[in-house]
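*Asks:* The structure's right below; bear with me while I get my questions together.
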Amino acid sequence: MYRLENDQLNMLVEIIREQSGDTLSRTDFTDAMLRLFEDIAGFETLPRKLSQRYLKILWQSYQTARPVPARSTGFRH
């Protein structure tokens with residue numbers, strides 16, 4: 001009933017990224033994801049423990065998929 005596959009989890013992260021960008025704090029990310037859960041049939045009643053587990057997985061995915069800022073080489077043209 002509350003199971004999400006990896007591709008579905010990735011889709012949720014992409015939705016948040018498209019709506020809010022790549023720089024959300026953990027708190028803002030959690031708030032945005034909980035609002036998104038409300039739009040998924042059955043997830044508006046997701047048990048707190050399971051919700052926290054999904055949020056941890058989703059946050060890790062959001063963090064690891066962030067683009068790395070370009071480093072300056074110190075050389076000027």
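Here, A, B, ... name the chains of the structure tokens in the order displayed, residue numbers run from 1 inside each chain, and ligands are numbered from 1 in the same displayed order.
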Residues at most 10 Å from Leu50 in chain A, counting only C-alpha atoms, excluding those fewer than 4 positions away in the same chain, as a compact mmCIF listing (two decimals) with N, CA and C atoms, in the first residue's frame?
*Replies:*
```txt
# COMPACT_ATOMS: atom_id res chain seq x y z
N TYR A 2 1.94 1.27 0.78
CA TYR A 2 2.80 2.45 0.88
C TYR A 2 4.14 2.25 0.20
N ARG A 3 4.22 1.31 -0.68
CA ARG A 3 5.51 0.97 -1.29
C ARG A 3 5.78 1.85 -2.51
N LEU A 46 0.17 8.17 5.54
CA LEU A 46 1.40 7.43 5.73
C LEU A 46 1.81 7.45 7.20
N TYR A 54 11.12 7.12 4.41
CA TYR A 54 11.12 7.61 3.04
C TYR A 54 11.82 8.96 2.93
N LEU A 55 11.58 9.85 3.89
CA LEU A 55 12.20 11.17 3.86
C LEU A 55 13.72 11.06 3.94
N LYS A 56 14.22 10.15 4.72
CA LYS A 56 15.67 9.95 4.83
C LYS A 56 16.25 9.48 3.50
```
*Asks:* For range 12-26 of chain A, please output as a list in words all residues within 10 Å (counting only C-alpha atoms; exclusion window: fewer than 4 positions along the same chain).
*Replies:*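 So the residues in contact are Asn6, Asp7, Gln8, Thr30, Asp31, Ala32, Met33, Leu36, Phe37, Leu55, Lys56, Leu58, Trp59, Gln60, Ser61, Tyr62, Gln63, Ala65, Arg66 and Pro67 of chain A.
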*Asks:* Please compute the CA of Thr64 in chain A-CA of Ser51 in chain A distance, one decimal, in Å.
*Replies:*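 A separation of 20.0 Å between them.
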*Asks:* Kindly give the distance, in Å, that separates CA of Glu38 in chain A and CA of Leu9 in chain A, rounded to a single decimal.
*Replies:*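 Computed distance, CA of Glu38 in chain A to CA of Leu9 in chain A, equals 14.9 Å.
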*Asks:* DSSP on the backbone: which residues in chain A end up as alpha helix (DSSP H)? Give the answer as a ChimeraX atom specification.
*Replies:* /A:6-20,26-37,48-64
